[in-house]
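Asker: Submitted below is the structure of interest, expressed as structure tokens.
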Amino acid sequence: MKKLAVFASGTGSNFEAIADACADGRLDAAVVLMVCDKPGAPVIAKAEARGIPTFVFSPKEYPSKEAFETEIVGLLDAAEVDLVCLAGYMRIVGDVLLHAYEGRIINIHPSLLPAFKGAHAVEQAVAYGVKVYGISIHWVNSDLDGGRIIAQRAFEYDGDDPAEVHRIGQKIEHSLYIETISKLLK
Ligand code: GRF
């Protein structure tokens, strides 16, 4: 069975979707580690409730990104992780993690890339008056939200409420992430 690590910084609805798909057999995989850079984030309790090991850290307690990524790589190696799934991990992946895992790290992003990269994709798209929104899953490289696209799904929305776009988008994210992980693991 393949081993996944999920990295998240906040709510963790994608983490939950992936973990539950592993638990009920829709994904032939196990989440062996949840990495979180925000002590107190709701995703942590979701991992603990499922008995999934966590690594929760405060970046400011480390001298550098290299230092905490070295620790993370050690944990990924020890757990023999096959695929790293970034799911709302609000941090740019650095050289140490990329060097060790590039080609095995994917991210989910709430826009039709290459449009609207970065942390405020939905808000920017709404401000632009976008009518066709979407979700992208891509390989992670050193270019923020710029790695090769693996999967996308679009939806139409003609309004001005970013919260509504997030709500519609997140439902799509959960199923698209599971489908995409499943394909990649095969
Ligand atoms: C998702 O919208 C994802 O596209 C973005 O961060 C959000 C994470 O949401 N990268 P959640 O924590 O999985 O609920």
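Here's how to read the names in the structure tokens: chain A, B, ... by the order shown, residue numbers from 1 in each chain, ligand numbers from 1 in the order shown.
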Give the residue list for ligand 1 at 9 Å, counting only C-alpha atoms and all ligand atoms, as a ChimeraX atom specification, sorted by chain and then by residue number.

Answerer: /A:8-17,42-43,86-90,107-111,118-119,122,135-137,166-167,169-170,173-174

Asker: Show me, as an mmCIF file with N, CA and C atoms, in the first residue's frame, the residues that have an atom within 10 Å of range 74-83 of chain A when counting only C-alpha atoms, minus same-chain residues fewer than 2 positions from it.

Answerer:
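Generated output (around_22.cif):
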data_model
loop_
_atom_site.group_PDB
_atom_site.id
_atom_site.type_symbol
_atom_site.label_atom_id
_atom_site.label_comp_id
_atom_site.auth_asym_id
_atom_site.auth_seq_id
_atom_site.Cartn_x
_atom_site.Cartn_y
_atom_site.Cartn_z
ATOM 1 N N MET A 1 0.839 -1.198 0.000
ATOM 2 C CA MET A 1 0.000 0.000 0.000
ATOM 3 C C MET A 1 0.880 1.257 0.000
ATOM 4 N N LYS A 2 0.502 2.235 -0.822
ATOM 5 C CA LYS A 2 1.300 3.463 -0.941
ATOM 6 C C LYS A 2 1.100 4.359 0.289
ATOM 7 N N LYS A 3 2.128 5.145 0.548
ATOM 8 C CA LYS A 3 2.100 6.009 1.741
ATOM 9 C C LYS A 3 2.095 7.472 1.341
ATOM 10 N N LEU A 4 1.170 8.192 1.944
ATOM 11 C CA LEU A 4 1.009 9.620 1.649
ATOM 12 C C LEU A 4 1.385 10.451 2.865
ATOM 13 N N ALA A 5 1.929 11.632 2.594
ATOM 14 C CA ALA A 5 2.015 12.668 3.621
ATOM 15 C C ALA A 5 1.180 13.840 3.120
ATOM 16 N N VAL A 6 0.439 14.467 4.011
ATOM 17 C CA VAL A 6 -0.342 15.648 3.658
ATOM 18 C C VAL A 6 0.197 16.821 4.469
ATOM 19 N N ALA A 29 -4.252 3.544 -0.228
ATOM 20 C CA ALA A 29 -3.109 4.257 0.341
ATOM 21 C C ALA A 29 -3.399 4.543 1.806
ATOM 22 N N ALA A 30 -2.348 4.974 2.507
ATOM 23 C CA ALA A 30 -2.521 5.393 3.899
ATOM 24 C C ALA A 30 -1.844 6.740 4.092
ATOM 25 N N VAL A 31 -2.488 7.607 4.865
ATOM 26 C CA VAL A 31 -1.824 8.856 5.242
ATOM 27 C C VAL A 31 -0.962 8.538 6.467
ATOM 28 N N VAL A 32 0.339 8.597 6.301
ATOM 29 C CA VAL A 32 1.242 8.195 7.384
ATOM 30 C C VAL A 32 1.795 9.396 8.147
ATOM 31 N N LEU A 33 1.560 10.604 7.614
ATOM 32 C CA LEU A 33 2.078 11.795 8.297
ATOM 33 C C LEU A 33 1.296 13.024 7.850
ATOM 34 N N VAL A 35 1.779 17.108 8.160
ATOM 35 C CA VAL A 35 2.741 18.149 8.527
ATOM 36 C C VAL A 35 2.015 19.486 8.561
ATOM 37 N N PHE A 55 3.381 16.138 12.467
ATOM 38 C CA PHE A 55 4.550 16.951 12.789
ATOM 39 C C PHE A 55 4.095 18.394 12.705
ATOM 40 N N PHE A 68 14.128 23.520 9.152
ATOM 41 C CA PHE A 68 12.894 22.740 9.395
ATOM 42 C C PHE A 68 12.616 21.775 8.252
ATOM 43 N N GLU A 69 13.029 22.141 7.044
ATOM 44 C CA GLU A 69 12.813 21.193 5.942
ATOM 45 C C GLU A 69 13.710 19.961 6.073
ATOM 46 N N THR A 70 14.885 20.139 6.646
ATOM 47 C CA THR A 70 15.759 18.975 6.873
ATOM 48 C C THR A 70 15.074 18.006 7.837
ATOM 49 N N GLU A 71 14.442 18.564 8.857
ATOM 50 C CA GLU A 71 13.727 17.709 9.806
ATOM 51 C C GLU A 71 12.541 17.017 9.118
ATOM 52 N N ILE A 72 11.830 17.751 8.302
ATOM 53 C CA ILE A 72 10.682 17.168 7.588
ATOM 54 C C ILE A 72 11.142 16.046 6.656
ATOM 55 N N CYS A 85 1.324 15.398 -0.534
ATOM 56 C CA CYS A 85 0.189 16.175 -1.043
ATOM 57 C C CYS A 85 0.077 17.466 -0.243
ATOM 58 N N LEU A 86 0.348 18.581 -0.890
ATOM 59 C CA LEU A 86 0.157 19.867 -0.225
ATOM 60 C C LEU A 86 -1.316 20.221 -0.330
ATOM 61 N N LEU A 97 13.598 20.429 0.648
ATOM 62 C CA LEU A 97 12.474 19.512 0.413
ATOM 63 C C LEU A 97 12.370 19.163 -1.079
ATOM 64 N N ALA A 100 14.995 16.671 -2.213
ATOM 65 C CA ALA A 100 14.744 15.293 -1.765
ATOM 66 C C ALA A 100 13.491 14.686 -2.418
ATOM 67 N N TYR A 101 12.470 15.508 -2.703
ATOM 68 C CA TYR A 101 11.166 14.928 -3.090
ATOM 69 C C TYR A 101 10.586 15.462 -4.395
ATOM 70 N N GLU A 102 11.324 16.294 -5.142
ATOM 71 C CA GLU A 102 10.745 16.820 -6.387
ATOM 72 C C GLU A 102 10.353 15.653 -7.301
ATOM 73 N N GLY A 103 9.158 15.776 -7.890
ATOM 74 C CA GLY A 103 8.617 14.666 -8.685
ATOM 75 C C GLY A 103 7.693 13.788 -7.853
ATOM 76 N N ARG A 104 7.670 14.061 -6.545
ATOM 77 C CA ARG A 104 6.781 13.317 -5.647
ATOM 78 C C ARG A 104 5.978 14.273 -4.763
ATOM 79 N N ILE A 105 5.911 15.555 -5.161
ATOM 80 C CA ILE A 105 5.133 16.543 -4.388
ATOM 81 C C ILE A 105 4.105 17.187 -5.316
ATOM 82 N N ILE A 106 2.841 17.171 -4.876
ATOM 83 C CA ILE A 106 1.783 17.818 -5.661
ATOM 84 C C ILE A 106 1.054 18.836 -4.784
ATOM 85 N N ILE A 181 -4.929 11.638 -6.991
ATOM 86 C CA ILE A 181 -3.986 10.828 -6.213
ATOM 87 C C ILE A 181 -4.122 9.370 -6.634
ATOM 88 N N LEU A 184 -2.365 8.845 -9.887
ATOM 89 C CA LEU A 184 -0.902 8.924 -9.764
ATOM 90 C C LEU A 184 -0.330 7.685 -9.085
ATOM 91 N N LEU A 185 -1.054 7.155 -8.124
ATOM 92 C CA LEU A 185 -0.534 5.984 -7.393
ATOM 93 C C LEU A 185 -0.531 4.738 -8.276
#

Asker: Quick one: residues within 8 Å of Ile178 in chain A, only C-alpha atoms, excluding same-chain residues fewer than 2 positions away - as a PyMOL selection string?

Answerer: chain A and resi 17-18+21+27+174-176+180-182

Asker: Could you dump the residues just selected with all heavy atoms as a PDB file, in the first residue's frame?

Answerer:
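The resulting again30.pdb:
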ATOM      1  N   ALA A  17     -10.637  14.852   3.489  1.00  0.00           N
ATOM      2  CA  ALA A  17     -11.144  14.102   2.328  1.00  0.00           C
ATOM      3  C   ALA A  17     -10.172  12.995   1.948  1.00  0.00           C
ATOM      4  O   ALA A  17     -10.580  11.859   1.682  1.00  0.00           O
ATOM      5  CB  ALA A  17     -11.366  15.058   1.159  1.00  0.00           C
ATOM      6  N   ILE A  18      -8.881  13.320   1.954  1.00  0.00           N
ATOM      7  CA  ILE A  18      -7.870  12.321   1.562  1.00  0.00           C
ATOM      8  C   ILE A  18      -7.787  11.220   2.619  1.00  0.00           C
ATOM      9  O   ILE A  18      -7.780  10.025   2.300  1.00  0.00           O
ATOM     10  CB  ILE A  18      -6.493  13.005   1.366  1.00  0.00           C
ATOM     11  CG1 ILE A  18      -6.541  13.972   0.179  1.00  0.00           C
ATOM     12  CG2 ILE A  18      -5.395  11.955   1.170  1.00  0.00           C
ATOM     13  CD1 ILE A  18      -5.347  14.930   0.109  1.00  0.00           C
ATOM     14  N   ALA A  21     -10.800   8.961   2.448  1.00  0.00           N
ATOM     15  CA  ALA A  21     -10.778   8.092   1.259  1.00  0.00           C
ATOM     16  C   ALA A  21      -9.797   6.929   1.462  1.00  0.00           C
ATOM     17  O   ALA A  21     -10.034   5.819   0.976  1.00  0.00           O
ATOM     18  CB  ALA A  21     -10.413   8.896   0.019  1.00  0.00           C
ATOM     19  N   LEU A  27      -9.217   5.092  -1.714  1.00  0.00           N
ATOM     20  CA  LEU A  27      -7.808   5.226  -2.102  1.00  0.00           C
ATOM     21  C   LEU A  27      -7.044   4.050  -1.510  1.00  0.00           C
ATOM     22  O   LEU A  27      -7.160   3.780  -0.302  1.00  0.00           O
ATOM     23  CB  LEU A  27      -7.215   6.526  -1.544  1.00  0.00           C
ATOM     24  CG  LEU A  27      -7.334   7.796  -2.365  1.00  0.00           C
ATOM     25  CD1 LEU A  27      -6.742   8.975  -1.589  1.00  0.00           C
ATOM     26  CD2 LEU A  27      -6.660   7.661  -3.719  1.00  0.00           C
ATOM     27  N   HIS A 174     -12.154  18.330  -3.250  1.00  0.00           N
ATOM     28  CA  HIS A 174     -12.080  17.066  -2.507  1.00  0.00           C
ATOM     29  C   HIS A 174     -12.157  15.866  -3.438  1.00  0.00           C
ATOM     30  O   HIS A 174     -11.369  14.929  -3.317  1.00  0.00           O
ATOM     31  CB  HIS A 174     -13.178  17.009  -1.444  1.00  0.00           C
ATOM     32  CG  HIS A 174     -13.079  18.139  -0.462  1.00  0.00           C
ATOM     33  ND1 HIS A 174     -14.127  18.547   0.318  1.00  0.00           N
ATOM     34  CD2 HIS A 174     -12.040  18.968  -0.153  1.00  0.00           C
ATOM     35  CE1 HIS A 174     -13.744  19.574   1.066  1.00  0.00           C
ATOM     36  NE2 HIS A 174     -12.489  19.846   0.798  1.00  0.00           N
ATOM     37  N   SER A 175     -13.077  15.901  -4.393  1.00  0.00           N
ATOM     38  CA  SER A 175     -13.180  14.738  -5.289  1.00  0.00           C
ATOM     39  C   SER A 175     -12.036  14.720  -6.301  1.00  0.00           C
ATOM     40  O   SER A 175     -11.479  13.662  -6.598  1.00  0.00           O
ATOM     41  CB  SER A 175     -14.545  14.683  -5.967  1.00  0.00           C
ATOM     42  OG  SER A 175     -14.816  15.907  -6.580  1.00  0.00           O
ATOM     43  N   LEU A 176     -11.657  15.899  -6.790  1.00  0.00           N
ATOM     44  CA  LEU A 176     -10.566  15.931  -7.785  1.00  0.00           C
ATOM     45  C   LEU A 176      -9.242  15.476  -7.167  1.00  0.00           C
ATOM     46  O   LEU A 176      -8.454  14.780  -7.815  1.00  0.00           O
ATOM     47  CB  LEU A 176     -10.427  17.350  -8.360  1.00  0.00           C
ATOM     48  CG  LEU A 176      -9.447  17.504  -9.522  1.00  0.00           C
ATOM     49  CD1 LEU A 176      -9.895  16.699 -10.741  1.00  0.00           C
ATOM     50  CD2 LEU A 176      -9.279  18.979  -9.910  1.00  0.00           C
ATOM     51  N   THR A 180      -7.222  12.259  -8.494  1.00  0.00           N
ATOM     52  CA  THR A 180      -5.881  12.495  -9.056  1.00  0.00           C
ATOM     53  C   THR A 180      -4.830  11.675  -8.312  1.00  0.00           C
ATOM     54  O   THR A 180      -3.947  11.074  -8.927  1.00  0.00           O
ATOM     55  CB  THR A 180      -5.551  14.005  -8.980  1.00  0.00           C
ATOM     56  OG1 THR A 180      -6.565  14.719  -9.663  1.00  0.00           O
ATOM     57  CG2 THR A 180      -4.203  14.308  -9.606  1.00  0.00           C
ATOM     58  N   ILE A 181      -4.929  11.638  -6.991  1.00  0.00           N
ATOM     59  CA  ILE A 181      -3.986  10.828  -6.213  1.00  0.00           C
ATOM     60  C   ILE A 181      -4.122   9.370  -6.634  1.00  0.00           C
ATOM     61  O   ILE A 181      -3.123   8.666  -6.845  1.00  0.00           O
ATOM     62  CB  ILE A 181      -4.239  10.997  -4.696  1.00  0.00           C
ATOM     63  CG1 ILE A 181      -3.884  12.414  -4.258  1.00  0.00           C
ATOM     64  CG2 ILE A 181      -3.441   9.964  -3.897  1.00  0.00           C
ATOM     65  CD1 ILE A 181      -4.361  12.772  -2.850  1.00  0.00           C
ATOM     66  N   SER A 182      -5.348   8.920  -6.783  1.00  0.00           N
ATOM     67  CA  SER A 182      -5.586   7.535  -7.175  1.00  0.00           C
ATOM     68  C   SER A 182      -4.898   7.223  -8.506  1.00  0.00           C
ATOM     69  O   SER A 182      -4.212   6.209  -8.651  1.00  0.00           O
ATOM     70  CB  SER A 182      -7.092   7.304  -7.254  1.00  0.00           C
ATOM     71  OG  SER A 182      -7.356   6.026  -7.738  1.00  0.00           O
TER      72      SER A 182
END

Asker: Can you check which residues of chain A DSSP gives as helix (DSSP H, G or I) on the backbone and send them as a ChimeraX atom specification?

Answerer: /A:13-23,42-49,59-61,65-78,95-101,121-128,162-185

Asker: By how many Å are CA of Tyr157 in chain A and CA of Tyr133 in chain A apart?

Answerer: 6.9 Å

Asker: Give the answer as one residue: which of A:Pro162, A:Pro53, A:Gly146, A:Gly40 has the shortest atom-to-atom distance to Gly129 in chain A, using only C-alpha atoms?

Answerer: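 Among A:Pro162, A:Pro53, A:Gly146, A:Gly40, it is A:Pro162 that comes nearest to Gly129 in chain A.
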
Asker: What is the CA of Asp143 in chain A to CA of Val93 in chain A distance in Å?

Answerer: 9.4 Å

Asker: Just how far from CA of Ile172 in chain A is CA of Phe155 in chain A, in Å to one decimal?

Answerer: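 Interatomic distance, CA of Phe155 in chain A to CA of Ile172 in chain A: 9.0 Å.
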
Asker: I'd like to know which of A:Arg26, A:Lys131, A:Lys38, A:His138 is closest to Glu156 in chain A, using only C-alpha atoms.

Answerer: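 Under the stated criterion, the closest residue is A:Lys131.
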
Asker: Hey, which of A:Ala45, A:Val140, A:Leu112, A:Ala154 ends up closest to Gly94 in chain A? Count only C-alpha atoms.

Answerer: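 Comparing A:Ala45, A:Val140, A:Leu112, A:Ala154 against Gly94 in chain A, the winner is A:Val140.
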